[in-house]
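Student: Just dropping this structure here.
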2 protein chains.
Amino acid sequence: MYPVIVISREYGSGGRDVGQKVAEMLDIPFYDGTIIQAVADESGYTPEYIKDKAEYTTGVNQWFTGSFFSSSYISNPQDQIFELQSRVVLECARKGPCVIVGRCADYILEKAEIETLNVFIHADIQSRKERVLSRNDDVPEHVEKYLERRDKGRKAYYRYYTDRKWGDYHNYHLNLDSGYLGIDYCAQIIVDTVKMK
Amino acid sequence: MYPVIVISREYGSGGRDVGQKVAEMLDIPFYDGTIIQAVADESGYTPEYIKDKAEYTTGVNQWFTGSFFSSSYISNPQDQIFELQSRVVLECARKGPCVIVGRCADYILEKAEIETLNVFIHADIQSRKERVLSRNDDVPEHVEKYLERRDKGRKAYYRYYTDRKWGDYHNYHLNLDSGYLGIDYCAQIIVDTVKMK
């Protein structure tokens, strides 16, 4: 049986597209919007609010005043969302092989001793800029600064909830440059890998 | 035409074996000992001395007193070996497609605008321990400490000569966990990648 495939990614690297493609090729579920919706349904927050709070930390204060694990921990909306999201991620993974993008799923599933293939997708700044601009996101004028800020948010969020370094090679079985390799070929490597195992 | 394949690796991850396998599969030269011997021949140092000085920095002082690029630079045997080694790496790469392991070749060839596929091979500590013990290297009692020290040396060396972070995903097209994927499959991914491009 295939493992759960967890894809972490730089903003604009197309990691989500890679994940979707892998799910199609292996004919297994792809969880992204589903998780956000489930968390929204249970928490009462809007999907937009979840999307923003459930993968990015903008308040650097949290990081300096401790971590999710410290004893002086006071619950806040972001922590509540993380806990709820963790439960949803676990429920998805327990249903069987699937693809989950982001959401600290690698960490959550490792703690639950669920077998995963952990993938990190990144790309050069030019490819990421082009991708973000082509999808007509609401992107501010200084695209590079924007990409940097999004990744900083993801990095801080991941560090806060997992105590690990986002993007650090130790945490991934495959770390792929989608700018060089292309989305389709990244998906092919992942599919070949789970079939090979 | 294939690019030059540059393989960086954690100590004990089997990155050298991956490189050798790739070279065999693509029927292109594999440079490792050749480079050391060429540097030895030109410099007059023994191959053992080169091997030790040409990829590891043990003197942390250097790192704190500046870098290879700083103006207060005073030549020493390690720097001389680096310069000579860089020349040999360039000569090898200019002959045509090949596999080069370590030696900051990714950086040296980028500066010379030679096309490369940059790969980083790593593995979990258990696989690395087993590999190092099985090859009967002269390994001290505390294997984990030994592995850590070797990698610290490589990291400092790479930082000193390239001003980049060794193992940082930005620097590699493929970053593969040989403990999980196995040596043969890592080689297969690399071969498929250069054939795909």
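Numbering starts fresh at 1 for the residues of each chain in the structure tokens, the chains themselves are lettered A, B, ... in the order given, and ligands are numbered from 1 as they appear.
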Mind dumping a table of every chain A residue within 8 Å of chain B, with the nearest atom pair and its distance in Å to one decimal, using only C-alpha atoms, sorted by chain and rising number, as a Markdown table?

Tutor:
```
| residue | atom | partner | partner_atom | distance |
| --- | --- | --- | --- | --- |
| A:His122 | CA | B:His170 | CA | 7.6 |
| A:Ala123 | CA | B:His170 | CA | 7.7 |
| A:Asp124 | CA | B:His170 | CA | 7.6 |
| A:Gly167 | CA | B:Tyr169 | CA | 7.0 |
| A:Asp168 | CA | B:Asp168 | CA | 7.1 |
| A:Tyr169 | CA | B:Gly167 | CA | 7.0 |
| A:His170 | CA | B:His122 | CA | 7.6 |
| A:Tyr172 | CA | B:Asp177 | CA | 7.3 |
| A:His173 | CA | B:Asp177 | CA | 4.8 |
| A:Leu174 | CA | B:Leu176 | CA | 5.1 |
| A:Asn175 | CA | B:Asn175 | CA | 4.7 |
| A:Leu176 | CA | B:Leu174 | CA | 5.1 |
| A:Asp177 | CA | B:His173 | CA | 4.8 |
| A:Tyr180 | CA | B:His173 | CA | 6.7 |
| A:Leu181 | CA | B:His173 | CA | 7.5 |
| A:Ile189 | CA | B:Ile189 | CA | 7.2 |
| A:Thr193 | CA | B:Leu181 | CA | 7.7 |
| A:Lys197 | CA | B:Leu181 | CA | 7.9 |
```

Student: Write the selection just made, keeping C-alpha atoms, as a PDB file, in the first residue's frame?

Tutor:
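Output saved as part31.pdb:
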```pdb
ATOM      1  CA  HIS A 122      11.166  24.566  -4.213  1.00  0.00           C
ATOM      2  CA  ALA A 123      12.144  26.639  -7.231  1.00  0.00           C
ATOM      3  CA  ASP A 124      14.281  29.552  -8.315  1.00  0.00           C
ATOM      4  CA  GLY A 167      13.021  23.045   4.221  1.00  0.00           C
ATOM      5  CA  ASP A 168      15.839  21.322   6.149  1.00  0.00           C
ATOM      6  CA  TYR A 169      16.890  18.273   4.135  1.00  0.00           C
ATOM      7  CA  HIS A 170      16.819  16.015   7.193  1.00  0.00           C
ATOM      8  CA  TYR A 172      12.378  15.091   3.573  1.00  0.00           C
ATOM      9  CA  HIS A 173      12.955  11.970   1.495  1.00  0.00           C
ATOM     10  CA  LEU A 174      12.837  13.999  -1.708  1.00  0.00           C
ATOM     11  CA  ASN A 175      13.650  17.650  -2.120  1.00  0.00           C
ATOM     12  CA  LEU A 176      12.939  18.738  -5.707  1.00  0.00           C
ATOM     13  CA  ASP A 177      13.560  21.905  -7.694  1.00  0.00           C
ATOM     14  CA  TYR A 180      14.521  22.994 -13.071  1.00  0.00           C
ATOM     15  CA  LEU A 181      12.640  19.695 -13.193  1.00  0.00           C
ATOM     16  CA  ILE A 189       9.570  11.068  -9.521  1.00  0.00           C
ATOM     17  CA  THR A 193       9.173   6.391  -5.734  1.00  0.00           C
ATOM     18  CA  LYS A 197       8.937   1.054  -2.411  1.00  0.00           C
TER      19      LYS A 197
END
```

Student: What are the DSSP strand (DSSP E) residues of chain B, as a list in words?

Tutor: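 Going through chain B, the strand (DSSP E) residues come out as Val4, Ile5, Val6, Ile7, Ser8, Arg9, Phe30, Tyr31, Val99, Ile100, Val101, Thr116, Leu117, Asn118, Val119, Phe120, Ile121, His122, Leu174, Asn175, Leu176 and Asp177 of chain B.
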
Student: Using only C-alpha atoms for the distances, tell me which of A:Gly153, A:Gly102, A:Pro140, A:Pro77 is nearest to Phe30 of chain A.

Tutor: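 Of A:Gly153, A:Gly102, A:Pro140, A:Pro77, the one nearest Phe30 of chain A is A:Gly102, counting only C-alpha atoms.
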
Student: Mind pulling up the distance from atom CA of Ala54 of chain A to atom CA of Thr116 of chain A?

Tutor: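 Calculated distance between atom CA of Thr116 of chain A and atom CA of Ala54 of chain A is 20.8 Å.
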
Student: Pick out the residues sitting within 12 Å of Ala40 of chain B, and hand them over as a list of chain:residue names; count only C-alpha atoms, and ignore anything fewer than 6 positions along from it in its own chain.

Tutor: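 Everything that qualifies: B:Gly33, B:Thr34, B:Thr46, B:Pro47, B:Glu48, B:Tyr49, B:Ile50, B:Lys51, B:Asp52, B:Lys53, B:Ala54, B:Gln80, B:Ile81, B:Phe82, B:Leu84, B:Gln85, B:Val88.
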
Student: Have a look at B:Ile108, B:Val143, B:Met1, B:Val132 and name the one nearest to Ile28 of chain B; count only C-alpha atoms.

Tutor: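 Result for the nearest residue to Ile28 of chain B: B:Met1.
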
Student: Could you check the closest approach to Ala93 of chain B for each of B:Glu113, B:Glu144, B:Glu55, B:Asp79 and tell me which residue wins, using only C-alpha atoms?

Tutor: B:Glu113

Student: Quick one: everything within 9 Å of Pro97 of chain B, counting only C-alpha atoms, minus sequence neighbours fewer than 6 positions away in the same chain. Send it as a list of chain:residue names.

Tutor: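 Counting only the stated atoms, we get B:Met1, B:Tyr2, B:Pro3, B:Val4, B:Ile5, B:Ile28, B:Pro29.
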
Student: DSSP on the backbone, then: every residue of chain A marked helix (DSSP H, G or I), written as a PyMOL selection string.

Tutor: chain A and resi 15-26+33-43+47-53+61-64+77-94+105-111+125-134+143-162+169-171+178-181+183-196

Student: So, with only C-alpha atoms as the atoms that count, which of A:Lys129, A:Arg94, A:Arg16, A:Arg87 lies closest to Ile35 of chain A?

Tutor: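 The answer is A:Arg87, which sits nearest to Ile35 of chain A.
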
Student: Interatomic distance between atom CA of Arg103 of chain A and atom CA of Gln188 of chain A?

Tutor: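 Between atom CA of Arg103 of chain A and atom CA of Gln188 of chain A the gap is 22.9 Å.
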
Student: Just the number, please: distance in Å from atom CA of Ser127 of chain A to atom CA of Tyr107 of chain B, one decimal.

Tutor: 21.1 Å
